[in-house]
Amino acid sequence: MADQAPIHAQRITTLKTGERVILDPGVTTQNIMLIYYWSINVGAFIKVGTTYAEKRVGFWLAYLVPLIIYIIMPLVLAITRNNLTKLPPQGSVVADSFRVGQVLISRAGIKKAWKGGDDFWNSAKPTTIEADGGLKGKAAGWMKWDDDFVDEIRRTFKACKLFAFLPIFYLADGGLSTITTSQAGSLTTNGAPNDLLANFNPLTIIVMAPILNYGVYPYLRKIGINFSPIRRIVAGYLFGATAMLVGALLQWRVYKTSPCGYHATSCKIGTTVSPLSVWAQLPLYALPATSELLTIITSYEIAYTRAPQRMKGLVFAIVLFMSSLSSALVLIISPSFSDPNLIWPFVGIGGACVITAATIWWLFHKMDEEEGSVNAIGTDRPIEDRSHTDSEKA
């Protein structure tokens, strides 16, 4: 998606109205990612309609709706193929990346790996290796990379250190879905399904993405406030922490108002539920949805703009891998999700989000200062069906 961006370097242009504006690749990528994520959640929200279609018409209609959408997409791609920017394949860089890592550890050692620096990274460059007499025990042709490839791995590694904190965010963004669903069962639903409010996650994104993209972000830029990538990520973690605070307070109120007290989940006494309305859970879905637009979308932006051209796929894979790590962590700690301790998962994850937000700002706030320079990474890569690069146009 982001490869379809029309600009890859900042330049000034004149609109039809005569106004001179700056075309910024970072803002363009931000817009593309927000629209992409908005589209995904439009599709996710359609499942509400298919649920009712299955209930009132039949399963055939519930399956027919997504089938029609899947049939339409190849047709759209076929029609627009000549207008799409297609990057030539470069092959997998995973094997060479592991080989570079192997050379770095064997030649520079673990201590230098911890410190980093030019000496550490230069030790895997072919020019340095050849000057030192080559690699012992390796056949000719084993080292297929060049010096630039090592520099690209270094740049990629720097970006990926930021993504290592994402599992904490994912815990706050849906990681406690089993608790929130059981919590809904302990509240007064008035006939609403326990999982009804979960649909407000994609609905919030559908509403908030255009507000951020066309309202909040342009306004902040207009008044001179730099709501930079790291600031957006930190804000996303704080939104997640706020959602966990709401969850903890709500679970505490459930325990206080349930006929079974601190054993509300399996209550069989009286009404069996708290008099609190299930709609009190709405912030548990709206706040994490908003935080996704701040943290996840910005992570996608950083993965695209910070990673060198031929390593963008690998970096995106690492970002998505963080979600699977979070899921594994939930499986490990889920046996503790039981009465009377359901308040503490919210408290623990909320506290972790606050600490992570502070840590990210402390470690990575200087990345914002490099934003302009990294947007030009990989712009000299040849692109099919595009006769001139942006630098040539400028």
# chains A, B, ... in the order shown; residues from 1 in each chain; ligands from 1
call {"tool": "residues_around", "arguments": {"residues": "Leu331 of chain A", "least_positions_apart": "4", "cutoff": "12 Å", "atoms": "only C-alpha atoms", "output": "PyMOL selection string"}}
result
chain A and resi 171+175-178+324-327+335-337
call {"tool": "select_by_dssp", "arguments": {"residues": "segment 174-394 of chain A", "states": "alpha helix (DSSP H)", "output": "PyMOL selection string"}}
result
chain A and resi 177-185+200-211+217-222+229-257+282-306+312-333+343-364+371-374+390-393
call {"tool": "closest_atom_pairs", "arguments": {"of": "segment 225-294 of chain A", "to": "segment 182-199 of chain A", "cutoff": "9 Å", "atoms": "only C-alpha atoms", "output": "Markdown table"}}
result
| residue | atom | partner | partner_atom | distance |
| --- | --- | --- | --- | --- |
| A:Leu250 | CA | A:Gln183 | CA | 8.8 |
| A:Gln251 | CA | A:Gln183 | CA | 7.1 |
| A:Val254 | CA | A:Ser186 | CA | 7.2 |
| A:Ser258 | CA | A:Ser186 | CA | 7.6 |
| A:Ala264 | CA | A:Ser186 | CA | 6.2 |
| A:Thr265 | CA | A:Ser186 | CA | 5.9 |
| A:Ser266 | CA | A:Ser186 | CA | 8.3 |
| A:Cys267 | CA | A:Ser186 | CA | 8.0 |
| A:Thr272 | CA | A:Ser186 | CA | 7.3 |
| A:Val273 | CA | A:Ser186 | CA | 4.7 |
| A:Ser274 | CA | A:Leu187 | CA | 5.0 |
| A:Pro275 | CA | A:Thr188 | CA | 5.6 |
| A:Leu276 | CA | A:Leu187 | CA | 5.6 |
| A:Ser277 | CA | A:Thr188 | CA | 4.9 |
| A:Val278 | CA | A:Leu187 | CA | 5.2 |
| A:Trp279 | CA | A:Leu197 | CA | 7.6 |
| A:Ala280 | CA | A:Leu187 | CA | 8.9 |
| A:Gln281 | CA | A:Leu197 | CA | 7.5 |
| A:Leu282 | CA | A:Leu197 | CA | 6.6 |
| A:Leu284 | CA | A:Leu197 | CA | 9.0 |
| A:Tyr285 | CA | A:Ala198 | CA | 6.4 |
call {"tool": "closest_residue", "arguments": {"among": "A:Ile296, A:Ile233, A:Leu212, A:Val93", "to": "Asn31 of chain A", "atoms": "only C-alpha atoms"}}
result
A:Leu212
call {"tool": "residues_around", "arguments": {"residues": "Leu293 of chain A", "least_positions_apart": "5", "cutoff": "9 Å", "atoms": "only C-alpha atoms", "output": "PyMOL selection string"}}
result
chain A and resi 34+37+205+208-209+212+232+236+288+298
call {"tool": "write_last_selection", "arguments": {"atoms": "C-alpha atoms", "output": "PDB file, in the first residue's frame"}}
result
ATOM      1  CA  LEU A  34      -4.765   5.248   8.363  1.00  0.00           C
ATOM      2  CA  TYR A  37      -6.457   0.386   8.681  1.00  0.00           C
ATOM      3  CA  ILE A 205     -11.727   2.983  14.411  1.00  0.00           C
ATOM      4  CA  MET A 208     -11.868   8.030  14.721  1.00  0.00           C
ATOM      5  CA  ALA A 209      -9.542   7.369  11.762  1.00  0.00           C
ATOM      6  CA  LEU A 212      -7.542  12.017  13.235  1.00  0.00           C
ATOM      7  CA  ARG A 232       1.853   9.210  19.022  1.00  0.00           C
ATOM      8  CA  GLY A 236      -1.290   5.175  22.417  1.00  0.00           C
ATOM      9  CA  PRO A 288      -7.937   0.606  22.889  1.00  0.00           C
ATOM     10  CA  THR A 298       2.582   4.602  13.728  1.00  0.00           C
TER      11      THR A 298
END
call {"tool": "residues_around", "arguments": {"residues": "Trp38 of chain A", "least_positions_apart": "6", "cutoff": "12 Å", "atoms": "only C-alpha atoms", "output": "list of chain:residue names"}}
result
A:Asn31, A:Ile32, A:Ala44, A:Phe45, A:Asn201, A:Pro202, A:Leu203, A:Thr204, A:Ile205, A:Ile206, A:Val207, A:Met208, A:Ala209, A:Pro210, A:Ile211, A:Leu212, A:Asn213, A:Ala289, A:Thr290, A:Glu292, A:Leu293, A:Ile297
call {"tool": "write_last_selection", "arguments": {"atoms": "N, CA and C atoms", "output": "mmCIF file, in the first residue's frame"}}
result
data_model
loop_
_atom_site.group_PDB
_atom_site.id
_atom_site.type_symbol
_atom_site.label_atom_id
_atom_site.label_comp_id
_atom_site.auth_asym_id
_atom_site.auth_seq_id
_atom_site.Cartn_x
_atom_site.Cartn_y
_atom_site.Cartn_z
ATOM 1 N N ASN A 31 -1.177 9.034 6.110
ATOM 2 C CA ASN A 31 -2.528 9.011 5.540
ATOM 3 C C ASN A 31 -2.856 7.652 4.939
ATOM 4 N N ILE A 32 -1.905 7.091 4.199
ATOM 5 C CA ILE A 32 -2.136 5.797 3.556
ATOM 6 C C ILE A 32 -2.389 4.712 4.598
ATOM 7 N N ALA A 44 -14.241 -5.573 9.096
ATOM 8 C CA ALA A 44 -14.486 -6.252 10.371
ATOM 9 C C ALA A 44 -15.874 -5.935 10.909
ATOM 10 N N PHE A 45 -16.342 -4.716 10.662
ATOM 11 C CA PHE A 45 -17.650 -4.330 11.178
ATOM 12 C C PHE A 45 -18.796 -4.964 10.392
ATOM 13 N N ASN A 201 -15.119 -1.843 18.838
ATOM 14 C CA ASN A 201 -13.709 -1.631 18.514
ATOM 15 C C ASN A 201 -13.553 -1.210 17.053
ATOM 16 N N PRO A 202 -14.022 -2.013 16.079
ATOM 17 C CA PRO A 202 -13.907 -1.544 14.684
ATOM 18 C C PRO A 202 -14.753 -0.306 14.417
ATOM 19 N N LEU A 203 -15.908 -0.166 15.096
ATOM 20 C CA LEU A 203 -16.739 1.012 14.872
ATOM 21 C C LEU A 203 -16.016 2.281 15.316
ATOM 22 N N THR A 204 -15.319 2.219 16.447
ATOM 23 C CA THR A 204 -14.553 3.377 16.923
ATOM 24 C C THR A 204 -13.459 3.743 15.937
ATOM 25 N N ILE A 205 -12.791 2.724 15.388
ATOM 26 C CA ILE A 205 -11.727 2.983 14.411
ATOM 27 C C ILE A 205 -12.313 3.612 13.149
ATOM 28 N N ILE A 206 -13.477 3.134 12.704
ATOM 29 C CA ILE A 206 -14.126 3.679 11.523
ATOM 30 C C ILE A 206 -14.440 5.159 11.724
ATOM 31 N N VAL A 207 -14.832 5.525 12.937
ATOM 32 C CA VAL A 207 -15.185 6.917 13.221
ATOM 33 C C VAL A 207 -13.942 7.764 13.485
ATOM 34 N N MET A 208 -13.007 7.232 14.262
ATOM 35 C CA MET A 208 -11.868 8.030 14.721
ATOM 36 C C MET A 208 -10.786 8.220 13.659
ATOM 37 N N ALA A 209 -10.606 7.249 12.770
ATOM 38 C CA ALA A 209 -9.542 7.369 11.762
ATOM 39 C C ALA A 209 -9.719 8.610 10.893
ATOM 40 N N PRO A 210 -10.910 8.872 10.338
ATOM 41 C CA PRO A 210 -11.068 10.118 9.564
ATOM 42 C C PRO A 210 -10.925 11.372 10.419
ATOM 43 N N ILE A 211 -11.381 11.295 11.679
ATOM 44 C CA ILE A 211 -11.259 12.463 12.563
ATOM 45 C C ILE A 211 -9.790 12.805 12.790
ATOM 46 N N LEU A 212 -8.970 11.784 13.027
ATOM 47 C CA LEU A 212 -7.542 12.017 13.235
ATOM 48 C C LEU A 212 -6.873 12.469 11.939
ATOM 49 N N ASN A 213 -7.207 11.799 10.838
ATOM 50 C CA ASN A 213 -6.524 12.041 9.574
ATOM 51 C C ASN A 213 -6.863 13.393 8.959
ATOM 52 N N ALA A 289 -9.228 0.966 20.840
ATOM 53 C CA ALA A 289 -9.356 1.190 19.399
ATOM 54 C C ALA A 289 -8.655 2.480 18.994
ATOM 55 N N THR A 290 -8.852 3.531 19.793
ATOM 56 C CA THR A 290 -8.166 4.797 19.518
ATOM 57 C C THR A 290 -6.660 4.642 19.659
ATOM 58 N N GLU A 292 -4.950 2.016 19.054
ATOM 59 C CA GLU A 292 -4.432 1.308 17.882
ATOM 60 C C GLU A 292 -4.050 2.293 16.783
ATOM 61 N N LEU A 293 -4.900 3.303 16.582
ATOM 62 C CA LEU A 293 -4.629 4.296 15.547
ATOM 63 C C LEU A 293 -3.373 5.101 15.856
ATOM 64 N N ILE A 297 -0.687 1.961 13.982
ATOM 65 C CA ILE A 297 -0.503 2.627 12.692
ATOM 66 C C ILE A 297 0.863 3.305 12.631
#
call {"tool": "closest_residue", "arguments": {"among": "A:Ala139, A:Ala303, A:Ala235, A:Ile68", "to": "Phe157 of chain A", "atoms": "only C-alpha atoms"}}
result
A:Ala303
call {"tool": "atom_distance", "arguments": {"atom1": "atom CA of Leu249 of chain A", "atom2": "atom CA of Gly261 of chain A"}}
result
14.6 Å
call {"tool": "residues_around", "arguments": {"residues": "Ala328 of chain A", "least_positions_apart": "6", "cutoff": "10 Å", "atoms": "only C-alpha atoms", "output": "VMD selection string"}}
result
chain A and resid 167 322 334
call {"tool": "atom_distance", "arguments": {"atom1": "atom CA of Ile35 of chain A", "atom2": "atom CA of Tyr214 of chain A"}}
result
10.9 Å
call {"tool": "closest_residue", "arguments": {"among": "A:Leu363, A:Leu64, A:Val27, A:Ala131", "to": "Tyr217 of chain A", "atoms": "only C-alpha atoms"}}
result
A:Val27
call {"tool": "closest_residue", "arguments": {"among": "A:Ala62, A:Val103, A:Lys222, A:Asn341", "to": "Gly137 of chain A", "atoms": "only C-alpha atoms"}}
result
A:Val103
call {"tool": "atom_distance", "arguments": {"atom1": "atom CA of Val216 of chain A", "atom2": "atom CA of Leu287 of chain A"}}
result
16.4 Å
call {"tool": "decode", "arguments": {"residues": "segment 140-175 of chain A", "atoms": "N, CA, C and O atoms", "output": "PDB file, in the first residue's frame"}}
result
ATOM      1  N   ALA A 140      33.896 -20.217  -0.851  1.00  0.00           N
ATOM      2  CA  ALA A 140      33.771 -19.030  -1.688  1.00  0.00           C
ATOM      3  C   ALA A 140      32.314 -18.857  -2.112  1.00  0.00           C
ATOM      4  O   ALA A 140      31.643 -19.821  -2.470  1.00  0.00           O
ATOM      5  N   GLY A 141      31.830 -17.661  -2.053  1.00  0.00           N
ATOM      6  CA  GLY A 141      30.438 -17.389  -2.405  1.00  0.00           C
ATOM      7  C   GLY A 141      29.478 -17.455  -1.248  1.00  0.00           C
ATOM      8  O   GLY A 141      28.290 -17.160  -1.402  1.00  0.00           O
ATOM      9  N   TRP A 142      29.946 -17.871  -0.061  1.00  0.00           N
ATOM     10  CA  TRP A 142      29.066 -17.946   1.109  1.00  0.00           C
ATOM     11  C   TRP A 142      28.610 -16.550   1.530  1.00  0.00           C
ATOM     12  O   TRP A 142      27.476 -16.356   1.936  1.00  0.00           O
ATOM     13  N   MET A 143      29.502 -15.592   1.403  1.00  0.00           N
ATOM     14  CA  MET A 143      29.192 -14.210   1.775  1.00  0.00           C
ATOM     15  C   MET A 143      28.661 -13.493   0.530  1.00  0.00           C
ATOM     16  O   MET A 143      29.417 -13.054  -0.338  1.00  0.00           O
ATOM     17  N   LYS A 144      27.313 -13.344   0.471  1.00  0.00           N
ATOM     18  CA  LYS A 144      26.675 -12.796  -0.718  1.00  0.00           C
ATOM     19  C   LYS A 144      26.259 -11.331  -0.561  1.00  0.00           C
ATOM     20  O   LYS A 144      25.689 -10.760  -1.481  1.00  0.00           O
ATOM     21  N   TRP A 145      26.495 -10.742   0.592  1.00  0.00           N
ATOM     22  CA  TRP A 145      26.047  -9.375   0.822  1.00  0.00           C
ATOM     23  C   TRP A 145      27.164  -8.377   0.550  1.00  0.00           C
ATOM     24  O   TRP A 145      28.326  -8.740   0.349  1.00  0.00           O
ATOM     25  N   ASP A 146      26.800  -7.091   0.560  1.00  0.00           N
ATOM     26  CA  ASP A 146      27.766  -6.023   0.388  1.00  0.00           C
ATOM     27  C   ASP A 146      27.767  -5.114   1.621  1.00  0.00           C
ATOM     28  O   ASP A 146      27.024  -5.349   2.573  1.00  0.00           O
ATOM     29  N   ASP A 147      28.587  -4.079   1.595  1.00  0.00           N
ATOM     30  CA  ASP A 147      28.686  -3.180   2.749  1.00  0.00           C
ATOM     31  C   ASP A 147      27.354  -2.478   3.026  1.00  0.00           C
ATOM     32  O   ASP A 147      26.974  -2.288   4.187  1.00  0.00           O
ATOM     33  N   ASP A 148      26.656  -2.105   1.959  1.00  0.00           N
ATOM     34  CA  ASP A 148      25.376  -1.413   2.136  1.00  0.00           C
ATOM     35  C   ASP A 148      24.365  -2.284   2.872  1.00  0.00           C
ATOM     36  O   ASP A 148      23.556  -1.787   3.655  1.00  0.00           O
ATOM     37  N   PHE A 149      24.413  -3.578   2.606  1.00  0.00           N
ATOM     38  CA  PHE A 149      23.475  -4.493   3.260  1.00  0.00           C
ATOM     39  C   PHE A 149      23.686  -4.505   4.770  1.00  0.00           C
ATOM     40  O   PHE A 149      22.717  -4.541   5.545  1.00  0.00           O
ATOM     41  N   VAL A 150      24.919  -4.443   5.210  1.00  0.00           N
ATOM     42  CA  VAL A 150      25.211  -4.396   6.648  1.00  0.00           C
ATOM     43  C   VAL A 150      24.682  -3.095   7.249  1.00  0.00           C
ATOM     44  O   VAL A 150      24.099  -3.088   8.351  1.00  0.00           O
ATOM     45  N   ASP A 151      24.883  -2.000   6.533  1.00  0.00           N
ATOM     46  CA  ASP A 151      24.345  -0.721   7.007  1.00  0.00           C
ATOM     47  C   ASP A 151      22.818  -0.770   7.109  1.00  0.00           C
ATOM     48  O   ASP A 151      22.219  -0.196   8.027  1.00  0.00           O
ATOM     49  N   GLU A 152      22.173  -1.452   6.162  1.00  0.00           N
ATOM     50  CA  GLU A 152      20.722  -1.562   6.188  1.00  0.00           C
ATOM     51  C   GLU A 152      20.250  -2.392   7.376  1.00  0.00           C
ATOM     52  O   GLU A 152      19.242  -2.065   8.010  1.00  0.00           O
ATOM     53  N   ILE A 153      20.977  -3.455   7.697  1.00  0.00           N
ATOM     54  CA  ILE A 153      20.624  -4.261   8.865  1.00  0.00           C
ATOM     55  C   ILE A 153      20.775  -3.437  10.138  1.00  0.00           C
ATOM     56  O   ILE A 153      19.942  -3.515  11.051  1.00  0.00           O
ATOM     57  N   ARG A 154      21.801  -2.633  10.189  1.00  0.00           N
ATOM     58  CA  ARG A 154      22.005  -1.774  11.357  1.00  0.00           C
ATOM     59  C   ARG A 154      20.839  -0.816  11.545  1.00  0.00           C
ATOM     60  O   ARG A 154      20.337  -0.636  12.650  1.00  0.00           O
ATOM     61  N   ARG A 155      20.412  -0.218  10.442  1.00  0.00           N
ATOM     62  CA  ARG A 155      19.300   0.719  10.489  1.00  0.00           C
ATOM     63  C   ARG A 155      18.002   0.003  10.871  1.00  0.00           C
ATOM     64  O   ARG A 155      17.176   0.498  11.630  1.00  0.00           O
ATOM     65  N   THR A 156      17.835  -1.206  10.338  1.00  0.00           N
ATOM     66  CA  THR A 156      16.645  -1.996  10.636  1.00  0.00           C
ATOM     67  C   THR A 156      16.625  -2.404  12.100  1.00  0.00           C
ATOM     68  O   THR A 156      15.586  -2.363  12.766  1.00  0.00           O
ATOM     69  N   PHE A 157      17.779  -2.802  12.613  1.00  0.00           N
ATOM     70  CA  PHE A 157      17.872  -3.220  14.013  1.00  0.00           C
ATOM     71  C   PHE A 157      17.498  -2.080  14.947  1.00  0.00           C
ATOM     72  O   PHE A 157      16.818  -2.280  15.962  1.00  0.00           O
ATOM     73  N   LYS A 158      17.899  -0.885  14.601  1.00  0.00           N
ATOM     74  CA  LYS A 158      17.574   0.273  15.419  1.00  0.00           C
ATOM     75  C   LYS A 158      16.072   0.500  15.478  1.00  0.00           C
ATOM     76  O   LYS A 158      15.514   0.817  16.538  1.00  0.00           O
ATOM     77  N   ALA A 159      15.402   0.330  14.340  1.00  0.00           N
ATOM     78  CA  ALA A 159      13.946   0.496  14.320  1.00  0.00           C
ATOM     79  C   ALA A 159      13.252  -0.620  15.082  1.00  0.00           C
ATOM     80  O   ALA A 159      12.262  -0.390  15.788  1.00  0.00           O
ATOM     81  N   CYS A 160      13.776  -1.836  14.964  1.00  0.00           N
ATOM     82  CA  CYS A 160      13.119  -2.993  15.577  1.00  0.00           C
ATOM     83  C   CYS A 160      13.213  -2.984  17.100  1.00  0.00           C
ATOM     84  O   CYS A 160      12.398  -3.628  17.773  1.00  0.00           O
ATOM     85  N   LYS A 161      14.179  -2.285  17.658  1.00  0.00           N
ATOM     86  CA  LYS A 161      14.252  -2.193  19.121  1.00  0.00           C
ATOM     87  C   LYS A 161      13.007  -1.541  19.683  1.00  0.00           C
ATOM     88  O   LYS A 161      12.547  -1.880  20.772  1.00  0.00           O
ATOM     89  N   LEU A 162      12.437  -0.605  18.940  1.00  0.00           N
ATOM     90  CA  LEU A 162      11.201   0.047  19.373  1.00  0.00           C
ATOM     91  C   LEU A 162      10.039  -0.940  19.381  1.00  0.00           C
ATOM     92  O   LEU A 162       9.186  -0.912  20.279  1.00  0.00           O
ATOM     93  N   PHE A 163      10.015  -1.861  18.402  1.00  0.00           N
ATOM     94  CA  PHE A 163       8.905  -2.798  18.285  1.00  0.00           C
ATOM     95  C   PHE A 163       8.925  -3.876  19.369  1.00  0.00           C
ATOM     96  O   PHE A 163       7.919  -4.560  19.573  1.00  0.00           O
ATOM     97  N   ALA A 164      10.047  -4.027  20.056  1.00  0.00           N
ATOM     98  CA  ALA A 164      10.139  -5.044  21.096  1.00  0.00           C
ATOM     99  C   ALA A 164       9.170  -4.780  22.246  1.00  0.00           C
ATOM    100  O   ALA A 164       8.851  -5.687  23.016  1.00  0.00           O
ATOM    101  N   PHE A 165       8.678  -3.538  22.356  1.00  0.00           N
ATOM    102  CA  PHE A 165       7.744  -3.196  23.436  1.00  0.00           C
ATOM    103  C   PHE A 165       6.286  -3.444  23.051  1.00  0.00           C
ATOM    104  O   PHE A 165       5.398  -3.323  23.899  1.00  0.00           O
ATOM    105  N   LEU A 166       6.020  -3.772  21.802  1.00  0.00           N
ATOM    106  CA  LEU A 166       4.643  -3.918  21.340  1.00  0.00           C
ATOM    107  C   LEU A 166       3.841  -5.006  22.054  1.00  0.00           C
ATOM    108  O   LEU A 166       2.620  -4.846  22.214  1.00  0.00           O
ATOM    109  N   PRO A 167       4.444  -6.138  22.470  1.00  0.00           N
ATOM    110  CA  PRO A 167       3.625  -7.133  23.187  1.00  0.00           C
ATOM    111  C   PRO A 167       2.904  -6.560  24.402  1.00  0.00           C
ATOM    112  O   PRO A 167       1.779  -6.983  24.708  1.00  0.00           O
ATOM    113  N   ILE A 168       3.517  -5.593  25.092  1.00  0.00           N
ATOM    114  CA  ILE A 168       2.852  -4.961  26.231  1.00  0.00           C
ATOM    115  C   ILE A 168       1.606  -4.223  25.761  1.00  0.00           C
ATOM    116  O   ILE A 168       0.541  -4.298  26.397  1.00  0.00           O
ATOM    117  N   PHE A 169       1.722  -3.528  24.636  1.00  0.00           N
ATOM    118  CA  PHE A 169       0.563  -2.807  24.108  1.00  0.00           C
ATOM    119  C   PHE A 169      -0.555  -3.774  23.724  1.00  0.00           C
ATOM    120  O   PHE A 169      -1.729  -3.529  24.012  1.00  0.00           O
ATOM    121  N   TYR A 170      -0.196  -4.866  23.059  1.00  0.00           N
ATOM    122  CA  TYR A 170      -1.220  -5.814  22.618  1.00  0.00           C
ATOM    123  C   TYR A 170      -1.948  -6.453  23.798  1.00  0.00           C
ATOM    124  O   TYR A 170      -3.109  -6.855  23.663  1.00  0.00           O
ATOM    125  N   LEU A 171      -1.288  -6.559  24.942  1.00  0.00           N
ATOM    126  CA  LEU A 171      -1.978  -7.067  26.135  1.00  0.00           C
ATOM    127  C   LEU A 171      -3.118  -6.137  26.527  1.00  0.00           C
ATOM    128  O   LEU A 171      -4.194  -6.585  26.941  1.00  0.00           O
ATOM    129  N   ALA A 172      -2.889  -4.824  26.399  1.00  0.00           N
ATOM    130  CA  ALA A 172      -3.939  -3.856  26.723  1.00  0.00           C
ATOM    131  C   ALA A 172      -4.968  -3.745  25.614  1.00  0.00           C
ATOM    132  O   ALA A 172      -6.094  -3.303  25.848  1.00  0.00           O
ATOM    133  N   ASP A 173      -4.599  -4.144  24.408  1.00  0.00           N
ATOM    134  CA  ASP A 173      -5.489  -4.033  23.259  1.00  0.00           C
ATOM    135  C   ASP A 173      -6.055  -5.408  22.908  1.00  0.00           C
ATOM    136  O   ASP A 173      -5.651  -6.030  21.932  1.00  0.00           O
ATOM    137  N   GLY A 174      -6.984  -5.880  23.715  1.00  0.00           N
ATOM    138  CA  GLY A 174      -7.641  -7.154  23.442  1.00  0.00           C
ATOM    139  C   GLY A 174      -7.034  -8.348  24.135  1.00  0.00           C
ATOM    140  O   GLY A 174      -7.571  -9.457  24.029  1.00  0.00           O
ATOM    141  N   GLY A 175      -5.937  -8.160  24.846  1.00  0.00           N
ATOM    142  CA  GLY A 175      -5.308  -9.288  25.524  1.00  0.00           C
ATOM    143  C   GLY A 175      -6.141  -9.864  26.659  1.00  0.00           C
ATOM    144  O   GLY A 175      -5.980 -11.024  27.014  1.00  0.00           O
TER     145      GLY A 175
END
